[in-house]
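Peer 1: Okay, handing you the structure first.
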Amino acid sequence: MSSFELIGKKEPLENIKAGIASGRLSHAVLLSGEKGVGKKFFSKHIIKMLVCQNKNKPCGICAQCQKIDKDIHPDVFNIFPAGKSETIGVKEIAPIKASINIKPNDADFKFFIINEAERMNKYAQNAILKMIEEPPEDSIFILTSQNSQALLATVLSRVTKIALGPAEKEEIEAFLKKNYSDFSNEEIKEAAKNSGGNIGTAISLLQNEQEREILKDSQTVAINIIEKDRALLNLSLGKYSKQKTLAQNLVNNVKQIYREAYFALAEKDSITEVALKISQRLSLKAILGIIDSCDRFSENLSRNVGLSLALTAFEIECANIIDNK
């Protein structure tokens, strides 16, 4: 397992190891966490632990591990959102239904990974529910999600939930120094500080100028909210009214800033100056309200609410929270 995969995941890893060692690993696992936290890597690691041919599992070098890393293993099926609506419907689930009762080719198990499971519509979720209620002994489902609340309660009740949380800033900084030595120490420190404990975000901030611009804009939005500047807030959000993915990234960043402010109020170190400023201006209740608004924005997008409408609803909610703080 690479250092990237290990960051912030030691406890979940131990839980998976224990499940495999006892022979009680669930046939349906839900990996939840923010974009960039490492859900895809962790999914692969679980699979490699079960198919690896060597004693120290996963070795990363045997034929089975190599096939997993290269995404060419015949017993691993990846399902992704599709179409203009970027959803997972019954059509996308069909390959699972067609192959679930066929014996594995190379491994002892077949693995069905449903990426961004929150994007399944109710028909797809019900189809998956039937499969995970009574799965074949040789089938394992791995669902990944940024917003597990969008899944049906019946689906959530049938999966083992593993939350992949943030890593320590020091861990991220050490990883970046080791693997991205072309960047200066100052650039690495800034990326780690603004990553919110998300290694994927840290790497993007180093490599991607657009990500740095989104972070700057999200800091502006976070301040506009507490300043009650509806005109500037509308202008800042309007910039993203036609870019769904970028708008989601923006609001995720705002959420992270307000989470930092929450921890500052809980007498923990604030990561950024913006979060510290928010913690000095707002009550705990107001901060949690903004965080909830960020989550509702994500839920609206997953339910195919129009982007402009979702941004307007987010703006109004935030303004109302600040007005009633």
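Simple scheme: letters A, B, ... for chains in structure tokens order, numbers from 1 for residues in each chain, numbers from 1 for ligands in the order shown.
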Can you pull out the residues contacting Ile16 (chain A)? Cut-off 12 Å, using only C-alpha atoms, and skip same-chain residues under 4 positions away; I want them as a list in words.

Peer 2: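 These residues fall inside the cut-off: Lys9, Lys10, Glu11, Pro12, Ile20, Ala21, Ser22, Gly23, Arg24, Leu25, Ser26, His27, Val29, Leu30, Leu31, Phe42, Ser43, His45, Ile46, Ile47, Lys48, Met49, Leu50, Thr160, Lys161 and Ile162 of chain A.
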
Peer 1: For the structure I just gave you, how does DSSP split region 89-297 of chain A - specifically, which residues are alpha helix (DSSP H)? Reply as JSON, numbers by chain.

Peer 2: {"A": [90, 91, 92, 93, 94, 95, 96, 97, 98, 99, 122, 123, 124, 125, 126, 127, 128, 129, 130, 131, 132, 133, 153, 154, 155, 156, 169, 170, 171, 172, 173, 174, 175, 176, 177, 178, 179, 185, 186, 187, 188, 189, 190, 191, 192, 193, 199, 200, 201, 202, 203, 204, 205, 206, 207, 209, 210, 211, 212, 213, 214, 215, 216, 217, 218, 219, 220, 221, 222, 223, 224, 225, 226, 230, 231, 232, 233, 234, 235, 236, 237, 238, 244, 245, 246, 247, 248, 249, 250, 251, 252, 253, 254, 255, 256, 257, 258, 259, 260, 261, 262, 263, 264, 265, 273, 274, 275, 276, 277, 278, 279, 280, 281, 284, 285, 286, 287, 288, 289, 290, 291, 292, 293, 294, 295, 296, 297]}

Peer 1: Contacts of Val51 (chain A) at 12 Å or less, counting only C-alpha atoms, minus same-chain residues fewer than 4 places along, as a PyMOL selection string?

Peer 2: chain A and resi 20+44-47+55-68+73+75-76+104-111

Peer 1: Restricting the output to C-alpha atoms, write the selected residues as an mmCIF file, in the first residue's frame.

Peer 2:
data_model
loop_
_atom_site.group_PDB
_atom_site.id
_atom_site.type_symbol
_atom_site.label_atom_id
_atom_site.label_comp_id
_atom_site.auth_asym_id
_atom_site.auth_seq_id
_atom_site.Cartn_x
_atom_site.Cartn_y
_atom_site.Cartn_z
ATOM 1 C CA ILE A 20 -10.742 -10.524 6.405
ATOM 2 C CA LYS A 44 -8.406 -1.241 -4.754
ATOM 3 C CA HIS A 45 -6.529 -2.006 -1.568
ATOM 4 C CA ILE A 46 -9.427 -4.011 -0.143
ATOM 5 C CA ILE A 47 -9.596 -6.041 -3.350
ATOM 6 C CA LYS A 55 2.083 -13.929 2.016
ATOM 7 C CA ASN A 56 2.315 -10.237 2.868
ATOM 8 C CA LYS A 57 -0.942 -8.995 1.401
ATOM 9 C CA PRO A 58 -1.156 -6.917 -0.661
ATOM 10 C CA CYS A 59 2.300 -7.231 -2.159
ATOM 11 C CA GLY A 60 1.579 -4.900 -5.076
ATOM 12 C CA ILE A 61 3.822 -6.933 -7.404
ATOM 13 C CA CYS A 62 2.053 -10.243 -8.048
ATOM 14 C CA ALA A 63 -0.049 -10.763 -11.192
ATOM 15 C CA GLN A 64 -3.298 -10.271 -9.284
ATOM 16 C CA CYS A 65 -2.208 -7.003 -7.643
ATOM 17 C CA GLN A 66 -0.845 -5.694 -10.936
ATOM 18 C CA LYS A 67 -4.137 -6.368 -12.708
ATOM 19 C CA ILE A 68 -6.001 -4.449 -9.997
ATOM 20 C CA HIS A 73 -8.746 -7.602 -13.619
ATOM 21 C CA ASP A 75 -13.354 -10.085 -11.863
ATOM 22 C CA VAL A 76 -13.599 -6.376 -11.038
ATOM 23 C CA PRO A 104 -15.134 -15.626 -10.999
ATOM 24 C CA ASN A 105 -12.362 -16.025 -13.594
ATOM 25 C CA ASP A 106 -9.039 -15.417 -11.799
ATOM 26 C CA ALA A 107 -9.958 -14.791 -8.169
ATOM 27 C CA ASP A 108 -12.114 -16.322 -5.459
ATOM 28 C CA PHE A 109 -14.490 -13.353 -5.623
ATOM 29 C CA LYS A 110 -16.130 -11.007 -8.083
ATOM 30 C CA PHE A 111 -16.008 -7.351 -7.073
#

Peer 1: So that I can see what lies close to region 251-257 of chain A, please list as an mmCIF file with C-alpha atoms, in the first residue's frame the residues with an atom at most 10 Å from it, counting only C-alpha atoms and leaving out residues fewer than 3 positions away in the same chain.

Peer 2:
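The resulting file, selection.cif, is reproduced below:
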data_model
loop_
_atom_site.group_PDB
_atom_site.id
_atom_site.type_symbol
_atom_site.label_atom_id
_atom_site.label_comp_id
_atom_site.auth_asym_id
_atom_site.auth_seq_id
_atom_site.Cartn_x
_atom_site.Cartn_y
_atom_site.Cartn_z
ATOM 1 C CA GLU A 34 -15.019 13.839 0.396
ATOM 2 C CA LYS A 35 -13.686 13.901 -3.144
ATOM 3 C CA ASN A 194 -5.458 24.629 2.687
ATOM 4 C CA SER A 195 -6.171 20.971 1.931
ATOM 5 C CA GLY A 196 -8.566 20.448 4.820
ATOM 6 C CA GLY A 197 -6.857 17.133 5.514
ATOM 7 C CA THR A 201 -7.033 18.441 -2.649
ATOM 8 C CA ILE A 214 -11.480 28.032 -6.749
ATOM 9 C CA LEU A 215 -9.960 27.995 -3.271
ATOM 10 C CA LYS A 216 -9.463 31.764 -3.393
ATOM 11 C CA ASP A 217 -13.055 32.247 -4.560
ATOM 12 C CA SER A 218 -14.374 29.968 -1.818
ATOM 13 C CA GLN A 219 -12.557 32.044 0.784
ATOM 14 C CA THR A 220 -14.222 35.130 -0.707
ATOM 15 C CA VAL A 221 -17.646 33.431 -0.536
ATOM 16 C CA ALA A 222 -17.031 32.384 3.073
ATOM 17 C CA ILE A 223 -16.258 35.984 4.041
ATOM 18 C CA LEU A 237 -21.556 32.337 -6.810
ATOM 19 C CA LEU A 246 -16.548 23.552 -10.232
ATOM 20 C CA ALA A 247 -19.560 24.830 -8.260
ATOM 21 C CA GLN A 248 -19.538 21.643 -6.203
ATOM 22 C CA GLU A 260 -12.297 24.653 10.497
ATOM 23 C CA ALA A 261 -14.153 27.513 12.166
ATOM 24 C CA TYR A 262 -16.163 24.958 14.145
ATOM 25 C CA SER A 270 -7.713 26.680 13.088
ATOM 26 C CA ILE A 271 -5.970 25.874 9.823
ATOM 27 C CA THR A 272 -6.619 29.117 7.959
ATOM 28 C CA GLU A 273 -7.040 32.794 8.751
ATOM 29 C CA VAL A 274 -10.459 32.834 7.072
ATOM 30 C CA ALA A 275 -11.742 30.065 9.350
ATOM 31 C CA LEU A 276 -10.365 31.869 12.405
ATOM 32 C CA ILE A 278 -15.428 33.181 10.980
ATOM 33 C CA SER A 279 -15.036 31.544 14.396
ATOM 34 C CA ILE A 287 -21.480 27.743 11.694
ATOM 35 C CA LEU A 288 -23.223 24.371 11.799
ATOM 36 C CA ILE A 290 -23.761 26.955 7.031
ATOM 37 C CA ILE A 291 -22.215 23.472 6.991
ATOM 38 C CA ASP A 292 -25.713 21.970 6.682
ATOM 39 C CA SER A 293 -26.436 24.370 3.806
ATOM 40 C CA CYS A 294 -23.329 23.112 2.002
ATOM 41 C CA ASP A 295 -24.569 19.547 2.420
ATOM 42 C CA PHE A 297 -26.384 22.042 -1.956
ATOM 43 C CA SER A 298 -24.667 18.695 -2.653
ATOM 44 C CA LEU A 311 -26.768 28.078 -5.974
ATOM 45 C CA PHE A 314 -27.581 28.055 -1.048
#

Peer 1: Could you pull the residues within 7 Å of Asn198 (chain A), counting only C-alpha atoms, minus those fewer than 3 positions along the same chain, as an MDAnalysis selection string?

Peer 2: chainID A and resid 36:37 166:167 195 201:202

Peer 1: So that I can see what lies close to Ile188 (chain A), please list as a list in words the residues with an atom at most 8 Å from it, counting only C-alpha atoms and leaving out residues fewer than 5 positions away in the same chain.

Peer 2: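 Listing them by chain and then by number gives Glu173, Leu176, Lys177, Phe183 and Leu206 of chain A.
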
Peer 1: Could you name the residues that touch Glu227 (chain A) at 12 Å or less, counting only C-alpha atoms, but leaving out those on the same chain fewer than 3 positions away, as an NGL selection string?

Peer 2: :A and (220-224 or 230-233 or 277-278 or 281-282 or 318-319 or 322-323)

Peer 1: Just the number, please: distance in Å from CA of Lys39 (chain A) to CA of Leu164 (chain A), one decimal.

Peer 2: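 Atom-to-atom, CA of Lys39 (chain A) to CA of Leu164 (chain A), that is 7.4 Å.
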
Peer 1: With only C-alpha atoms as the basis for distance, which of A:Ile100, A:Ile316, A:Ile79, A:Leu265 is at the shortest distance from Lys130 (chain A)?

Peer 2: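 Closest candidate: A:Ile100.
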
Peer 1: Which is closest to Lys40 (chain A) among A:Cys52, A:Asn121, A:Leu143, A:Pro81, if we use only C-alpha atoms?

Peer 2: A:Leu143

Peer 1: Would you compute the distance between CA of Ala286 (chain A) and CA of Ile226 (chain A)? Give it in Å to one decimal.

Peer 2: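 Pair CA of Ala286 (chain A) / CA of Ile226 (chain A) returns 9.9 Å.
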
Peer 1: Could you state the separation of CA of Gln53 (chain A) and CA of Asn115 (chain A) in Å, given to one decimal place?

Peer 2: 26.2 Å

Peer 1: Which residue is closest to Asn234 (chain A)? Choose from A:Gly289, A:Thr312, A:Gly200, A:Leu307 and count only C-alpha atoms.

Peer 2: A:Thr312
